[in-house]
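Working notes for the structure below.
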Amino acid sequence: MEQIRACLDILGKGCIQIEAGDPLFRDPRIKVYPLESKNFHEIVLGETGQRKLSFLDGGNNTILSGPNFTVELTRIYFNLFRGNKRLQAKKLPPKIEFFTVVTTYITSKNEIEYQGHLIPLNQEFFPYLPEESSLKLLASDRSLMIGNFYAPVWKVADAARRFAEWKFTATVIENELQEGDLMIRDGTLQTSLTNEAHFADAVYTAASAKNVIFCGLAKTNRLLTTTGNSLAKVIKQLGDSIFSRKAWYYYPIAKINTSDQKAEMFFVNLHPLSPSAFRYEIFRDQAVTMNPDDFNSIFSELVMNARDPVFPGYLYGLIDADNFARVSTQEVNYYNTIFLSLAEQREDLEGLVAPLLGHDIIDLSREVE
Amino acid sequence: MDIIGQVVSGGFAEILIRQKHAQKIELGELLVADYEGGYSILQVYNLKYGSQIPQSTRELMSGLQLEKVNVDMETMEPQLRNYILVYAKSLVNVGVSEKGKTPKIPKDLPEFFTGLRRIEIADLDFLQEAEKPVYVGKIRSGSRVLDIDVTLPGDKIFSHHILIPATTGRGKSNLVKVFTFKNLSETYCGMLLIDPHDEYYGVKGKGLSNHSEASTYLKYYSPRASLPPGGISLAVHVKELRPWHLNVFSWSDAQTDALYSYYNADRLKWVENIVTGVDLTSKGVKLGTLEVLRRKFRNYLGLDWDENNNLITSRSIFKVDAGDSTINDITGFLEEGMKVIVDTSILSESTELILNTMIVQRIFDNYKGYKADGKLEEKPVIAIILEEAPRVIGQKVMGEDNIFGTIAREGRKFKIGLVAITQLPSEIPREVLANMNTKIILGNEMGPERRAIIDSASQDLSTDDRTIASLDTGEAIISSNFTKFAVPIMIPLFDDILKDAPKKLKKAIPGAK
Amino acid sequence: MKFAHLADVHLGCWKDSSMNELGTKTLEAVMRKVLEDQVDFILISGDLFDSSYPPINVLKETARILRHVREKGIPIYIVAGSHDYSPTEKTILKVFEEADLLVDVYKASDSEDGKIKLTFTVDERTGAKITGILGRIRGTDVELYRELERESLKKEKGFKIFILHNFISELKTKETQNYDSFPKSLLPEGFNYYAGGHLHIPTPESMRKGPLKSTSPIIYPGCLFPTDFGELESGIFGGYCIVEPTQNEGVLVQWREVHLIDVLPLHLSAQGKPLKAVQEELKGLLKTKDMKGKIVTLRVDGEMSSGSPADIDFRELTELAFKREVVNFFRNTQQLTSKESVVIQPAIGFTRAEIEAKVIRENLGQVKVTAWDKETEERVIKDLLEKCSQRRGGDQKVKDYDAEKLDLFLKVLGIKQIWEEYNEG
């Protein structure tokens, strides 16, 4: 107990600073606005139910893996709401699922190269999958590396998921949404992986063409203030002190004008009982044409979707999307069994399977212990 | 056909079904899962709340609503995330082919996500009317009653014994009146109804005497001074009594010896001799023992004596100048397939027990004789309807030599059966309960009693504890060797049966002017 | 007030006219006695005659006897019994009533609520109020009791007498335990005397031992003269009652046995005996007993070891009996069998249909028809029973009914064409 108290003392001294500070961004291209009370805006509930809201999220989990390969199950899911009523999609399936198989090659230049292969679980998903050519990536790709270490093979599977999320987003905008509707992805609009921007651009194009407002909500973020505080926490405290027991948003935070982040950033507090303020981004080209009434209108729609008591202040549509996109351990265990039993029968996979089975035996023996 | 639920999980005797929003599925309801080549009928035995929302969140939401805290929260898609989970078990699988419908005991599970619908009349058309049908009610699905009559094979159920366990006010008497009324003119079965509350005949109000053929098939015996027209005075000549009729009571060895001494000394007047204090010390009967017997006879038989030791029978059904043929007549009527009501409402319990013993012993002796002579097949089944059955077939009395225990154990061989009505089935020995091959289970709040019923039922009722506890008046479950599954029924009110019954035809009065 | 009560005379019941004569003589003797007793009226509780159309000689004698009583100014009140009742009311009792020889006290009408309302007949001299219900075949008069309007009968004031022709269950004894009866509760309440008939054994037994005082007793005087072999043999004689109301104790009933002639009952068991032995024993029996001036009954039962009952020379025995100056001689051999005789087993079933089916099946094949198998034969028999047993409609002529039946018959047998061809030919 003594030791735990000692840890807590350290946290108290180090993590919570008395002065709030201003937003802190590492990227010098970003111009920061100081934190000011005038940038806090109450969300006055206007007419809602005018726009369709679509939420999209993806998930993936490993079925089999080794040092030089991985087999994963990936799922991308979207939903449609109007206010708090779920709508049926007219054209698209609600989810797409595929296996991602990543294999390893050594190039002529002695480099480790990964190639991702996508096998849809249903042929009708094929058109929605990213091109496999975008999943040919080097282990030394900085956007995939972990620190100074070569990117592990599973990073390509993650990339496949992210690319698929972008591609399906564009498809949803084209097929299910109309002008004024909102498309909200889980996470920010920032791209980081090689080839990712290409997919993001497709979304921006689609959104612009149809005037569908493209957004992202991040439930976690690591942004800090200049005094070392959590930016989200500081904004939340300040906002609540100004608009006690109300919904509000904070804007502007910073001027971002980079190719990998075409977004206007907000922090939103969509419910008085929200535990946190969340980072919210709107596609920049659309946001800059909007006025405060437009923002209020958008956020009013979001407020109506953020009233669920399970997580007040967080968008219910994203909770739902996360739920359905998740690939559970049960599922992968199921596929794992099938893969191994089929693989066992193949001589060409003998060298592949044995070490995996050995791993299982070790695991089993540990359970017995 | 509307789908009102879907199989989501569970196991063989515990199929979990998610109830569709706004579709109220009830405890005891019958649901149907269609499959290729047939369908399964399932019965609901438990209902639980299910939710995707954590318990603590739900409690918080409730608190906010109850305490009227204005927090502007609303559960998103409540019908999707909060739901009722229905626990059901398969009752019967019905195969459908050109040849018709074939019911079978289920041995498999419905497919995952099979949709379930409410049962319809057509789903139960494989239930055929029994041969020699005894009507008991209509099929019930939850609280909904379907217009399908449920009948049991009368020639079988009565000789295989019936148990009707229920607590007060659940409709036992109504049930007895209903099936007796519907069966009144059927002579394949004679019924002896021992009526401790004088409620079957219809002395005040409606009863079995309202049947259009009651004058032919119904007899009513009562010790009351004023009888309804058609009622027969209940009087039994003392010479019909035998010492073994008194086995329902406990006697010391000396008292038993004394009884037999008097009986052997004078087989016609032994009872009178005891009551009037005739000295039999010459046969070894002590005076003290005689006095005990006299007192016991006064209590048990209602026979008294005056200061001159003359017999007084006025307060007793046992007479010296009447009732020669009563026991004979009653058994004779039963052997013709008639229904005989014996009103014991104003008799003491001991007199009632003795009377019942005398009648039942005679029936048993006669039928044993018929069996020995090879004539039993020609005779109707006799059903003895007995309330508060543990008095005569309870644990405490079964060890002694009593005729009811004999009937309970061996009656089937002689086409004699008990219809035992009781609030306390746990008092009846397990081997007797197990022999009662038909149980018409009415509501019972008492846990040990439900367990006794469930443990001895003909079908697996292990999941029906809650269902039995929640049975309303008139609702019942029939568990019988002669039904394919435990059938939930609704027993109609006797008054309603009367309304639909054929009326007596008025005949012309001969010589009327 | 004093009245006589008798019942079940069954005049004309014997095939033997001498027995019928004895019957009417007995009635005459009883009437003489009751006139000596100076009764105010006489009750007869049914079955004065054995049928609704008795033989003419019986009628003549009875009319004469009753005329004599009537000329003395004594009314005779009756109800019809199960034997002398007629459903079409075509009974000699009506003729006798028209001739003022007796008064039928069964006077029924429909009450407002559909019940049977009885009207009292009031005896002029005594003011006694008399009513009753007739007897019907097989005790079916019980239906009338069920529909009786009772309240008005109960409320009626005065000395009331109810005449019934049926047996009451509560009075059963060991001897009468198998008799048809109905419960006492079906009788209307509040009558001073219930004059019973139909039961041929005097009941209650206690009145045979001495005068009986009772409030509202139900009394059966017994049949006045034996009506069959069994009654002759039993030696139980009926009688009549003289009844007088008492101050506080109801009525006083004095039963008087009527025993005009002695009966000698004889019995022989033929069990295991050959024919010759039986014959000899019977002769011996008739020779040894004193039977002059008596009616003799002879019962023979058991299973003979050889010969058959038909081989016994009863004519010889009858002649022997009359040589010994019997008044009459009767025999009963219903329970006499032999190893050679065929016993017909009764068909058993719970419904008429079941019994019919059983009997049909047991007797298939007795009539040989080559075109038929057993199944066809059974079907034809059932069809004939069903289709050809329908009764003639009320307004259908007999000729048309017969033609219709013939047509059905031919169709069922499948020979209609053959029949038509035969008739044409």
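A note on labels: chains of the structure tokens are A, B, ... as shown, every chain counts residues from 1, and ligands are counted from 1 in their shown order.
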Contact residues (chain B, partner chain A, 7 Å, only C-alpha atoms) as a ChimeraX atom specification: /B:53,57,61,73-76
Please dump the current selection as an mmCIF file, in the first residue's frame; keep N, CA and C atoms.
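Contents of the output file out20.cif:
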data_model
loop_
_atom_site.group_PDB
_atom_site.id
_atom_site.type_symbol
_atom_site.label_atom_id
_atom_site.label_comp_id
_atom_site.auth_asym_id
_atom_site.auth_seq_id
_atom_site.Cartn_x
_atom_site.Cartn_y
_atom_site.Cartn_z
ATOM 1 N N ILE B 53 -26.820 -3.262 -21.946
ATOM 2 C CA ILE B 53 -26.361 -2.142 -21.116
ATOM 3 C C ILE B 53 -25.950 -2.716 -19.767
ATOM 4 N N THR B 57 -25.273 0.795 -15.112
ATOM 5 C CA THR B 57 -25.813 1.893 -15.923
ATOM 6 C C THR B 57 -27.334 1.882 -15.864
ATOM 7 N N MET B 61 -29.733 4.802 -14.562
ATOM 8 C CA MET B 61 -30.819 5.368 -15.370
ATOM 9 C C MET B 61 -32.128 5.355 -14.599
ATOM 10 N N MET B 73 -31.119 12.459 -20.746
ATOM 11 C CA MET B 73 -30.531 11.245 -21.318
ATOM 12 C C MET B 73 -31.649 10.362 -21.836
ATOM 13 N N GLU B 74 -31.318 9.656 -22.882
ATOM 14 C CA GLU B 74 -32.337 8.775 -23.457
ATOM 15 C C GLU B 74 -31.628 7.537 -23.962
ATOM 16 N N THR B 75 -32.148 6.388 -23.609
ATOM 17 C CA THR B 75 -31.511 5.153 -24.088
ATOM 18 C C THR B 75 -31.715 5.030 -25.586
ATOM 19 N N MET B 76 -30.645 4.896 -26.279
ATOM 20 C CA MET B 76 -30.731 4.722 -27.723
ATOM 21 C C MET B 76 -31.163 3.291 -28.022
#
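Backbone DSSP assigns helix (DSSP H, G or I) in range 66-164 of chain C to Leu66, Arg67, His68, Val69, Arg70, Glu71, Ile92, Leu93, Lys94, Val95, Phe96, Glu97, Glu98, Ile137, Arg138, Gly139, Val142, Glu143, Leu144, Tyr145, Arg146, Glu151, Ser152, Leu153, Lys154 and Lys155 of chain C.
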Backbone-only DSSP, strand (DSSP E or B) members of range 80-233 of chain B, as a ChimeraX atom specification: /B:82-97,100-104,115-118,133-141,144-153,162-165,189-195,218-222,231-233
Residue subset to file, keeping C-alpha atoms, as a JSON list (two decimals), in the first residue's frame:
[["chain", "number", "residue", "atom", "x", "y", "z"],
["B", 82, "ASN", "CA", -33.08, -4.22, -23.62],
["B", 83, "TYR", "CA", -35.12, -7.30, -24.18],
["B", 84, "ILE", "CA", -36.70, -10.29, -22.58],
["B", 85, "LEU", "CA", -34.96, -13.63, -22.69],
["B", 86, "VAL", "CA", -37.35, -16.52, -22.82],
["B", 87, "TYR", "CA", -36.37, -19.91, -21.47],
["B", 88, "ALA", "CA", -38.17, -22.73, -23.17],
["B", 89, "LYS", "CA", -37.98, -26.45, -23.58],
["B", 90, "SER", "CA", -39.09, -28.68, -26.42],
["B", 91, "LEU", "CA", -42.27, -30.57, -25.68],
["B", 92, "VAL", "CA", -42.82, -32.46, -28.86],
["B", 93, "ASN", "CA", -41.53, -32.65, -32.42],
["B", 94, "VAL", "CA", -44.23, -33.14, -35.00],
["B", 95, "GLY", "CA", -43.27, -34.69, -38.30],
["B", 96, "VAL", "CA", -45.50, -33.70, -41.22],
["B", 97, "SER", "CA", -45.86, -35.94, -44.23],
["B", 100, "GLY", "CA", -50.32, -36.98, -41.66],
["B", 101, "LYS", "CA", -48.70, -35.73, -38.49],
["B", 102, "THR", "CA", -46.53, -37.84, -36.23],
["B", 103, "PRO", "CA", -45.64, -36.54, -32.79],
["B", 104, "LYS", "CA", -42.37, -37.67, -31.23],
["B", 115, "GLY", "CA", -37.77, -17.94, -35.54],
["B", 116, "LEU", "CA", -40.61, -18.85, -33.22],
["B", 117, "ARG", "CA", -44.28, -18.12, -33.63],
["B", 118, "ARG", "CA", -47.30, -18.49, -31.41],
["B", 133, "PRO", "CA", -62.71, -39.76, -23.96],
["B", 134, "VAL", "CA", -62.82, -37.95, -20.65],
["B", 135, "TYR", "CA", -62.98, -34.26, -21.28],
["B", 136, "VAL", "CA", -60.79, -32.16, -19.00],
["B", 137, "GLY", "CA", -60.55, -28.78, -20.67],
["B", 138, "LYS", "CA", -59.03, -26.88, -23.54],
["B", 139, "ILE", "CA", -55.41, -26.38, -24.53],
["B", 140, "ARG", "CA", -53.85, -23.36, -22.91],
["B", 141, "SER", "CA", -50.91, -21.40, -24.15],
["B", 144, "ARG", "CA", -54.60, -17.84, -23.92],
["B", 145, "VAL", "CA", -57.08, -20.64, -24.42],
["B", 146, "LEU", "CA", -57.20, -22.45, -27.76],
["B", 147, "ASP", "CA", -60.39, -24.03, -28.94],
["B", 148, "ILE", "CA", -59.05, -27.57, -28.85],
["B", 149, "ASP", "CA", -60.60, -30.04, -26.45],
["B", 150, "VAL", "CA", -58.23, -32.13, -24.41],
["B", 151, "THR", "CA", -59.45, -35.60, -23.66],
["B", 152, "LEU", "CA", -57.86, -38.48, -21.83],
["B", 153, "PRO", "CA", -58.60, -42.18, -22.39],
["B", 162, "ILE", "CA", -55.15, -39.96, -10.94],
["B", 163, "LEU", "CA", -53.62, -37.37, -8.65],
["B", 164, "ILE", "CA", -55.07, -33.88, -8.47],
["B", 165, "PRO", "CA", -52.70, -31.81, -6.35],
["B", 189, "CYS", "CA", -66.68, -46.11, -15.87],
["B", 190, "GLY", "CA", -68.48, -46.00, -12.55],
["B", 191, "MET", "CA", -67.47, -43.19, -10.21],
["B", 192, "LEU", "CA", -67.75, -42.97, -6.47],
["B", 193, "LEU", "CA", -67.53, -39.36, -5.36],
["B", 194, "ILE", "CA", -66.97, -38.95, -1.66],
["B", 195, "ASP", "CA", -68.16, -35.39, -1.14],
["B", 218, "LEU", "CA", -76.47, -40.22, -11.06],
["B", 219, "LYS", "CA", -77.23, -41.32, -7.52],
["B", 220, "TYR", "CA", -76.93, -39.12, -4.47],
["B", 221, "TYR", "CA", -76.70, -40.43, -0.91],
["B", 222, "SER", "CA", -76.90, -38.10, 2.05],
["B", 231, "GLY", "CA", -81.63, -38.04, -3.03],
["B", 232, "ILE", "CA", -81.35, -41.33, -1.16],
["B", 233, "SER", "CA", -81.08, -41.47, 2.61]]
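Computed from the coordinates, the CA of Val243 in chain C to CA of Lys160 in chain C distance equals 12.8 Å.
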Long-range neighbours of range 263-277 of chain B as a ChimeraX atom specification, 12 Å cut-off, only C-alpha atoms, 2 positions minimum in chain: /B:237-244,246,255-261,279-313,318-320,324
Residue contacts of range 180-191 of chain A (7 Å, only C-alpha atoms) excluding same-chain residues fewer than 4 positions away, as a PDB file with N, CA and C atoms, in the first residue's frame:
ATOM      1  N   ARG A  51     -30.720  15.510 -40.872  1.00  0.00           N
ATOM      2  CA  ARG A  51     -29.604  14.906 -41.576  1.00  0.00           C
ATOM      3  C   ARG A  51     -29.520  13.417 -41.236  1.00  0.00           C
ATOM      4  N   LYS A  52     -29.040  12.636 -42.186  1.00  0.00           N
ATOM      5  CA  LYS A  52     -28.694  11.254 -41.862  1.00  0.00           C
ATOM      6  C   LYS A  52     -27.295  11.253 -41.282  1.00  0.00           C
ATOM      7  N   LEU A  53     -27.065  10.397 -40.323  1.00  0.00           N
ATOM      8  CA  LEU A  53     -25.727  10.254 -39.755  1.00  0.00           C
ATOM      9  C   LEU A  53     -25.259   8.840 -40.067  1.00  0.00           C
ATOM     10  N   SER A  54     -24.044   8.753 -40.552  1.00  0.00           N
ATOM     11  CA  SER A  54     -23.477   7.423 -40.754  1.00  0.00           C
ATOM     12  C   SER A  54     -22.190   7.322 -39.961  1.00  0.00           C
ATOM     13  N   PHE A  55     -22.030   6.208 -39.262  1.00  0.00           N
ATOM     14  CA  PHE A  55     -20.845   5.970 -38.448  1.00  0.00           C
ATOM     15  C   PHE A  55     -20.145   4.739 -38.986  1.00  0.00           C
ATOM     16  N   LEU A  56     -18.833   4.788 -39.038  1.00  0.00           N
ATOM     17  CA  LEU A  56     -18.080   3.665 -39.582  1.00  0.00           C
ATOM     18  C   LEU A  56     -16.891   3.349 -38.699  1.00  0.00           C
ATOM     19  N   ASP A  57     -16.640   2.047 -38.554  1.00  0.00           N
ATOM     20  CA  ASP A  57     -15.473   1.624 -37.776  1.00  0.00           C
ATOM     21  C   ASP A  57     -14.990   0.297 -38.323  1.00  0.00           C
ATOM     22  N   GLU A 196      -1.853   5.721 -47.529  1.00  0.00           N
ATOM     23  CA  GLU A 196      -3.132   5.992 -46.885  1.00  0.00           C
ATOM     24  C   GLU A 196      -3.810   7.238 -47.445  1.00  0.00           C
ATOM     25  N   ALA A 197      -3.016   8.222 -47.734  1.00  0.00           N
ATOM     26  CA  ALA A 197      -3.576   9.497 -48.204  1.00  0.00           C
ATOM     27  C   ALA A 197      -4.392   9.316 -49.477  1.00  0.00           C
ATOM     28  N   ASN A 211     -21.561  16.751 -51.236  1.00  0.00           N
ATOM     29  CA  ASN A 211     -21.831  17.652 -50.116  1.00  0.00           C
ATOM     30  C   ASN A 211     -22.212  16.920 -48.847  1.00  0.00           C
ATOM     31  N   VAL A 212     -21.593  15.767 -48.685  1.00  0.00           N
ATOM     32  CA  VAL A 212     -21.773  15.033 -47.427  1.00  0.00           C
ATOM     33  C   VAL A 212     -20.656  15.476 -46.505  1.00  0.00           C
ATOM     34  N   ILE A 213     -21.015  15.877 -45.309  1.00  0.00           N
ATOM     35  CA  ILE A 213     -20.016  16.419 -44.392  1.00  0.00           C
ATOM     36  C   ILE A 213     -19.261  15.278 -43.747  1.00  0.00           C
ATOM     37  N   PHE A 214     -17.949  15.266 -43.976  1.00  0.00           N
ATOM     38  CA  PHE A 214     -17.126  14.163 -43.506  1.00  0.00           C
ATOM     39  C   PHE A 214     -16.429  14.557 -42.214  1.00  0.00           C
ATOM     40  N   CYS A 215     -16.549  13.742 -41.179  1.00  0.00           N
ATOM     41  CA  CYS A 215     -16.012  14.063 -39.844  1.00  0.00           C
ATOM     42  C   CYS A 215     -15.316  12.861 -39.253  1.00  0.00           C
ATOM     43  N   GLY A 216     -14.664  13.136 -38.107  1.00  0.00           N
ATOM     44  CA  GLY A 216     -14.078  12.039 -37.321  1.00  0.00           C
ATOM     45  C   GLY A 216     -14.147  12.404 -35.867  1.00  0.00           C
ATOM     46  N   LEU A 217     -14.379  11.403 -35.024  1.00  0.00           N
ATOM     47  CA  LEU A 217     -14.383  11.640 -33.577  1.00  0.00           C
ATOM     48  C   LEU A 217     -13.399  10.679 -32.954  1.00  0.00           C
ATOM     49  N   ALA A 218     -12.471  11.228 -32.175  1.00  0.00           N
ATOM     50  CA  ALA A 218     -11.484  10.378 -31.508  1.00  0.00           C
ATOM     51  C   ALA A 218     -11.848  10.285 -30.046  1.00  0.00           C
ATOM     52  N   ASP A 260      -1.466  15.648 -44.789  1.00  0.00           N
ATOM     53  CA  ASP A 260      -1.907  14.404 -44.123  1.00  0.00           C
ATOM     54  C   ASP A 260      -3.007  14.662 -43.100  1.00  0.00           C
ATOM     55  N   GLN A 261      -3.458  15.894 -42.981  1.00  0.00           N
ATOM     56  CA  GLN A 261      -4.528  16.153 -42.023  1.00  0.00           C
ATOM     57  C   GLN A 261      -5.374  17.312 -42.537  1.00  0.00           C
ATOM     58  N   LYS A 262      -6.342  16.942 -43.414  1.00  0.00           N
ATOM     59  CA  LYS A 262      -7.163  17.996 -44.018  1.00  0.00           C
ATOM     60  C   LYS A 262      -8.386  18.199 -43.143  1.00  0.00           C
ATOM     61  N   ALA A 263      -8.163  18.750 -41.962  1.00  0.00           N
ATOM     62  CA  ALA A 263      -9.266  18.814 -41.013  1.00  0.00           C
ATOM     63  C   ALA A 263      -9.257  20.090 -40.218  1.00  0.00           C
ATOM     64  N   GLU A 281     -13.141  16.292 -35.678  1.00  0.00           N
ATOM     65  CA  GLU A 281     -12.602  16.958 -36.870  1.00  0.00           C
ATOM     66  C   GLU A 281     -13.636  16.955 -37.985  1.00  0.00           C
ATOM     67  N   LEU A 318     -21.129   5.419 -32.921  1.00  0.00           N
ATOM     68  CA  LEU A 318     -19.762   4.897 -32.918  1.00  0.00           C
ATOM     69  C   LEU A 318     -19.640   3.713 -31.958  1.00  0.00           C
TER      70      LEU A 318
END
